[in-house]
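Have a look at the structure below, then the notes.
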Amino acid sequence: MYQDSEDNGMNYGIAARRFHCRDCNASFISLGSKTIEYCCVCHSNNIETKNDVYEKKPYIVPFRKTLEDAKNDYQKKVLFHPLVPFVFKSKATIEAIQKVYLPVIVVDANLQGTVDFLAGDKTKIMKEKVAFIETKKYSVLADVNLNYHHIILNMTSKLQDRLFHTICDYQFDQLLEYNPNALGDSAILVDDKDLNAVADLGRQRIMKHAMAVIKSNINHELKKVNNNGALLNFVNSKEVLVPVYLLTVHYKDKDYIYLMNGENGAVSLELVFGKIEIILFSLLMFGLIFLIAFLIAYFL
Amino acid sequence: MKKGLFYLLIFTSFFLFYPTTYASTVTYPRTEEDFLVPADVQVTESNKMDILNTPAVNASEKLYDFAELFSDSEEGDLIRKIQEYSVLSRYDLAIVTTNNLNGFVIGDYTNNFYDYNDFQNEGIILVIYIGGLDPQIYMGTSALPTSELQKIYSDARIHQTLAYIYKDIKDAKYYNAVDNYIKIVKGFFELDNDKQYVVDGNGNLVKQIPWIEIVILASTLSFIIVILLINRLKKYNVVQYSDNIETKLDPTSIRVSITKDEQVDRVLSKAK
Ligand SMILES: [Zn+2]
């Protein structure tokens, strides 16, 4: 299986197969022997397979939840809701839940330097029986240092940040060193985002949060950044594969996503109601209540 | 020996489980010293003989089977139904069967029986007389002419009721007749009070089903249930973007030192 396990940085790589979904353009890689027939993002079987070499050596957050856990959780949320369209509840849909590793970058960040604020306080004063607003303006310099640990940058465009961030509370303290055997047959989604663009978005997120923290330390009513001389540096950047269970349900030209954190079981689920199901359920309810009311009226 | 025991068992269980018997034909002798009439009845020369000729009974028994037309279990069943009617309507209901009208015509016998025994002021009474060539039945009502009871048991309805049960009485189906009688008088009461019953062309009581209300109830309830379920679903679709970045900040690392905080300007503006 190993082409060359010598880690000399030159020709490290493992034989792998790369799958490309012609429908949603997702690429994923499997190191195992099992052929992946369905796209792990859109469940299409319009898949192109080719041999490849996996050259990365990402850290791994191992699965702690089993596929059965994910299926049970999904069924519990979907099966007993009468208005959820039948397609969500079909056996084929439940069986389509995929065990997937997502590529992320985990970084620590340090913000250091001087931020120049323009601050102010407003007070109401009376001058010869006329009310005035007095605004005192201040120049404030803050020397700051903030450290962030384990910021997660999602490297795949196939899973939107807004969904991924709801479940991405992974423990990065005990990361597994890369070991291809630990990945088994699970599909690995291939990162397709530009690292610089992702890093920029991450910086913006951090800077926004950091400025709020710093501002809370300035004792004036009004404050705005005049000149930001603080530098944000990413340190300890690591490529990590994080475990998720993923299911995409197509319903009426829209995709609905079930996403479970494969480590702690946190879940994000998008659901919708079906018109046919509403009509059927309403009729059923109507009939049932009608019958009960009739029986009560008849026998009491 | 075994068979003997078996008979004994049946015999004793017969006594154990056979419904309680109702001795309802007990009468009390009225005398000149004690007329045994309710407190509100004035005994005068003109009604004295009528009183003495009217059987005195325990007014709480309700069913007075002097003619012995009912088995003990039938009596128990009818008494239970009479009591149900009384609880529902709060009217008294007395049913008398007799072979002997004591010289009265059946209407007078009926009214005297009700008036000279200690029944409630408002109530109805049915007398079945089977001593003559043909059986006779009579229904009396006791209440003020303007009362609710007189409205419920109008002459037309009494006529309708008696005509209906008379068929069974003629066929000697006394239990059926009285059972139906109680149903009908109960039905008339409910018809006027709950509107739950209607009487069809044959004099049968038919429960009136409030179809419109049931349809409204069923549609409203199912609508509410569906709306609630839809709302529950909508919660799933609001994905909370939880950028948990605040948990990533190392609190021990935070250092913010204000190195300069100088006033640079002062502006006065008119307050609005
Ligand atoms: Zn796909």
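Just so we're on the same page: first chain in the structure tokens is A, next is B, and so on; residues restart at 1 for each chain, and ligands are numbered from 1 in the order they show up.
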- Task: Name the residues, by chain letter and number, that sit within 8 Å of ligand 1 using only C-alpha atoms and all ligand atoms, and give them as a list in words.
- Result: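 Counting only what the definition allows, namely only C-alpha atoms and all ligand atoms, the set is His20, Cys21, Arg22, Asp23, Cys24, Asn25, Ala26, Tyr38, Cys39, Cys40, Val41, Cys42, His43, Ser44, Asn45, Asn46 and Ile47 of chain A.
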- Task: When you get a sec, could you note down which chain A residues fall within 6 Å of chain B, using only C-alpha atoms, as a list in words?
- Result: Ala131, Phe132, Ile133, Glu134, Thr135, Lys136, Lys137, Tyr138, Ser139, Val140, Leu141, Ala142, Asp143, Val144, Asn145, Leu146, Asn147, Tyr148, His149, Arg162, His165, Thr166, Glu270, Leu271, Ser282, Met285, Phe286, Ile289 and Phe290 of chain A
- Message: Give me the residues near Ser30 in chain A as a PyMOL selection string, where near means some atom within 7 Å (using only C-alpha atoms) and where sequence neighbours in that chain fewer than 5 positions away do not count.
- Response: chain A and resi 16-18+185-188
- Task: Write out as a VMD selection string which residues come within 9 Å of range 136-151 of chain B when counting only C-alpha atoms, dropping same-chain ones fewer than 5 positions away.
- Result: chain B and resid 91 106 to 107 110 to 111 114 to 115 120 to 131 158 to 159 162 166 169 189 192
- Could you pull the residues within 12 Å of Asp173 in chain A, counting only C-alpha atoms, minus those fewer than 5 positions along the same chain, as a list in words?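 What passes the distance filter is Tyr59, Ile60, Val61, Val106, His149 and His150 of chain A.
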Restricted to C-alpha atoms, what would the selected residues look like written as a compact mmCIF listing (two decimals), in the first residue's frame?
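Now in result_16.txt:
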# COMPACT_ATOMS: atom_id res chain seq x y z
CA TYR A 59 -3.59 15.08 11.72
CA ILE A 60 -6.76 13.17 12.45
CA VAL A 61 -9.61 13.65 14.86
CA VAL A 106 -6.38 24.49 12.70
CA HIS A 149 -6.10 28.61 20.15
CA HIS A 150 -7.48 26.15 17.66
- Proximity to Ile82 in chain B - best of B:Leu133, B:Ile51, B:Leu228, B:Val185, only C-alpha atoms: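 So, comparing all the options, the nearest one is B:Val185.
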- Query: Hey, what does DSSP flag as strand (DSSP E) within range 119-169 of chain A? Can you give it to me as number ranges by chain?
  - Reply: A: 119-127, 130-154
The selected residues should be written to file as a CSV table (one decimal), in the first residue's frame (atoms: N, CA, C and O atoms).
chain,number,residue,atom,x,y,z
A,119,ALA,N,-11.6,58.2,20.9
A,119,ALA,CA,-12.7,57.9,21.9
A,119,ALA,C,-13.4,59.2,22.2
A,119,ALA,O,-12.9,60.3,21.9
A,120,GLY,N,-14.5,59.1,22.9
A,120,GLY,CA,-15.3,60.3,23.3
A,120,GLY,C,-16.3,60.1,24.3
A,120,GLY,O,-16.7,58.9,24.5
A,121,ASP,N,-16.7,61.2,25.0
A,121,ASP,CA,-17.7,61.1,26.0
A,121,ASP,C,-18.7,62.3,25.8
A,121,ASP,O,-18.2,63.4,25.5
A,122,LYS,N,-19.9,62.0,25.9
A,122,LYS,CA,-20.9,63.1,25.7
A,122,LYS,C,-21.6,63.4,27.1
A,122,LYS,O,-21.9,62.5,27.8
A,123,THR,N,-21.7,64.7,27.4
A,123,THR,CA,-22.4,65.0,28.6
A,123,THR,C,-23.3,66.2,28.2
A,123,THR,O,-23.0,67.0,27.3
A,124,LYS,N,-24.4,66.3,29.0
A,124,LYS,CA,-25.4,67.3,28.7
A,124,LYS,C,-25.1,68.5,29.7
A,124,LYS,O,-24.9,68.2,30.9
A,125,ILE,N,-24.9,69.7,29.2
A,125,ILE,CA,-24.7,70.8,30.2
A,125,ILE,C,-25.6,71.9,29.9
A,125,ILE,O,-26.2,72.1,28.8
A,126,MET,N,-25.9,72.8,30.9
A,126,MET,CA,-26.8,73.9,30.8
A,126,MET,C,-26.0,75.2,30.8
A,126,MET,O,-25.1,75.4,31.6
A,127,LYS,N,-26.2,76.0,29.8
A,127,LYS,CA,-25.5,77.3,29.7
A,127,LYS,C,-26.5,78.4,29.5
A,127,LYS,O,-27.1,78.4,28.4
A,130,VAL,N,-29.8,77.2,28.3
A,130,VAL,CA,-29.9,76.5,27.1
A,130,VAL,C,-29.1,75.2,27.2
A,130,VAL,O,-28.0,75.2,27.8
A,131,ALA,N,-29.7,74.1,26.8
A,131,ALA,CA,-29.1,72.8,26.9
A,131,ALA,C,-28.1,72.6,25.8
A,131,ALA,O,-28.4,72.8,24.6
A,132,PHE,N,-26.9,72.1,26.1
A,132,PHE,CA,-25.9,71.8,25.2
A,132,PHE,C,-25.4,70.4,25.4
A,132,PHE,O,-25.4,69.8,26.5
A,133,ILE,N,-24.9,69.8,24.3
A,133,ILE,CA,-24.2,68.5,24.4
A,133,ILE,C,-22.7,68.8,24.3
A,133,ILE,O,-22.2,69.4,23.3
A,134,GLU,N,-22.0,68.4,25.3
A,134,GLU,CA,-20.5,68.6,25.3
A,134,GLU,C,-19.9,67.3,24.9
A,134,GLU,O,-20.1,66.3,25.6
A,135,THR,N,-19.1,67.3,23.9
A,135,THR,CA,-18.4,66.0,23.5
A,135,THR,C,-16.9,66.2,23.7
A,135,THR,O,-16.3,67.1,23.1
A,136,LYS,N,-16.4,65.4,24.6
A,136,LYS,CA,-14.9,65.5,24.8
A,136,LYS,C,-14.3,64.4,24.0
A,136,LYS,O,-14.7,63.2,24.1
A,137,LYS,N,-13.3,64.7,23.2
A,137,LYS,CA,-12.7,63.7,22.3
A,137,LYS,C,-11.3,63.3,22.9
A,137,LYS,O,-10.6,64.2,23.4
A,138,TYR,N,-11.0,62.0,22.8
A,138,TYR,CA,-9.7,61.6,23.4
A,138,TYR,C,-8.9,60.8,22.3
A,138,TYR,O,-9.5,60.1,21.5
A,139,SER,N,-7.7,60.8,22.4
A,139,SER,CA,-6.8,59.9,21.7
A,139,SER,C,-6.3,58.8,22.6
A,139,SER,O,-5.7,59.1,23.7
A,140,VAL,N,-6.6,57.6,22.3
A,140,VAL,CA,-6.3,56.5,23.2
A,140,VAL,C,-5.4,55.5,22.4
A,140,VAL,O,-5.7,55.1,21.3
A,141,LEU,N,-4.3,55.1,23.1
A,141,LEU,CA,-3.4,54.1,22.5
A,141,LEU,C,-3.5,52.9,23.4
A,141,LEU,O,-3.4,53.0,24.7
A,142,ALA,N,-3.7,51.7,22.8
A,142,ALA,CA,-3.8,50.5,23.6
A,142,ALA,C,-2.7,49.5,23.1
A,142,ALA,O,-2.6,49.2,21.9
A,143,ASP,N,-1.9,49.1,24.0
A,143,ASP,CA,-0.9,48.0,23.7
A,143,ASP,C,-1.6,46.7,24.0
A,143,ASP,O,-2.0,46.5,25.1
A,144,VAL,N,-1.7,45.8,23.0
A,144,VAL,CA,-2.5,44.6,23.2
A,144,VAL,C,-1.7,43.4,22.9
A,144,VAL,O,-0.8,43.3,22.1
A,145,ASN,N,-2.1,42.3,23.5
A,145,ASN,CA,-1.7,41.0,23.2
A,145,ASN,C,-2.8,40.0,23.5
A,145,ASN,O,-3.3,39.9,24.6
A,146,LEU,N,-3.2,39.3,22.5
A,146,LEU,CA,-4.3,38.2,22.6
A,146,LEU,C,-3.9,37.0,21.9
A,146,LEU,O,-3.4,37.1,20.8
A,147,ASN,N,-4.1,35.8,22.6
A,147,ASN,CA,-3.8,34.6,21.9
A,147,ASN,C,-5.1,33.8,21.7
A,147,ASN,O,-5.9,33.6,22.6
A,148,TYR,N,-5.2,33.3,20.5
A,148,TYR,CA,-6.3,32.4,20.2
A,148,TYR,C,-5.8,31.0,19.9
A,148,TYR,O,-4.8,30.9,19.3
A,149,HIS,N,-6.5,30.0,20.4
A,149,HIS,CA,-6.1,28.6,20.2
A,149,HIS,C,-7.1,27.9,19.3
A,149,HIS,O,-8.3,28.0,19.5
A,150,HIS,N,-6.6,27.1,18.4
A,150,HIS,CA,-7.5,26.2,17.7
A,150,HIS,C,-8.6,26.8,16.9
A,150,HIS,O,-9.8,26.4,17.0
A,151,ILE,N,-8.3,27.8,16.1
A,151,ILE,CA,-9.2,28.4,15.2
A,151,ILE,C,-9.4,27.4,14.0
A,151,ILE,O,-8.4,27.0,13.5
A,152,ILE,N,-10.6,27.2,13.7
A,152,ILE,CA,-10.8,26.2,12.6
A,152,ILE,C,-11.1,26.9,11.3
A,152,ILE,O,-12.0,27.8,11.3
A,153,LEU,N,-10.4,26.6,10.3
A,153,LEU,CA,-10.7,27.1,8.9
A,153,LEU,C,-11.2,26.0,8.0
A,153,LEU,O,-10.4,25.0,7.8
A,154,ASN,N,-12.4,26.1,7.6
A,154,ASN,CA,-13.0,25.1,6.7
A,154,ASN,C,-12.4,25.2,5.3
A,154,ASN,O,-12.5,26.2,4.7
Do a neighbour search on Tyr251 in chain A at 9 Å with only C-alpha atoms, toss out local chain neighbours closer than 4 positions, and write the hits as an mmCIF file with N, CA, C and O atoms, in the first residue's frame.
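out_25.cif, freshly written:
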data_model
loop_
_atom_site.group_PDB
_atom_site.id
_atom_site.type_symbol
_atom_site.label_atom_id
_atom_site.label_comp_id
_atom_site.auth_asym_id
_atom_site.auth_seq_id
_atom_site.Cartn_x
_atom_site.Cartn_y
_atom_site.Cartn_z
ATOM 1 N N PRO A 85 -41.380 15.374 4.396
ATOM 2 C CA PRO A 85 -41.643 14.604 3.174
ATOM 3 C C PRO A 85 -41.111 13.168 3.281
ATOM 4 O O PRO A 85 -40.107 12.924 3.937
ATOM 5 N N VAL A 87 -39.547 11.403 1.295
ATOM 6 C CA VAL A 87 -38.206 11.130 0.777
ATOM 7 C C VAL A 87 -37.151 11.220 1.890
ATOM 8 O O VAL A 87 -36.146 10.513 1.878
ATOM 9 N N PHE A 88 -37.410 12.041 2.905
ATOM 10 C CA PHE A 88 -36.485 12.158 4.029
ATOM 11 C C PHE A 88 -36.458 10.879 4.861
ATOM 12 O O PHE A 88 -35.510 10.617 5.573
ATOM 13 N N ASP A 255 -31.387 21.313 -1.697
ATOM 14 C CA ASP A 255 -30.659 20.330 -0.900
ATOM 15 C C ASP A 255 -30.843 20.632 0.581
ATOM 16 O O ASP A 255 -30.732 21.778 1.009
ATOM 17 N N TYR A 256 -31.125 19.587 1.350
ATOM 18 C CA TYR A 256 -31.259 19.724 2.795
ATOM 19 C C TYR A 256 -30.194 18.844 3.420
ATOM 20 O O TYR A 256 -30.006 17.703 3.007
ATOM 21 N N VAL A 272 -37.791 20.341 6.076
ATOM 22 C CA VAL A 272 -38.827 21.099 5.403
ATOM 23 C C VAL A 272 -40.090 20.252 5.457
ATOM 24 O O VAL A 272 -40.039 19.062 5.743
#
- Task: Please identify all polymer residues within 10 Å of Ile97 in chain A, counting only C-alpha atoms, omitting same-chain residues fewer than 4 positions from it, and present them as a PyMOL selection string.
- Result: chain A and resi 40-41+43+67-68+70-71+74+92-93+245-249+258-260
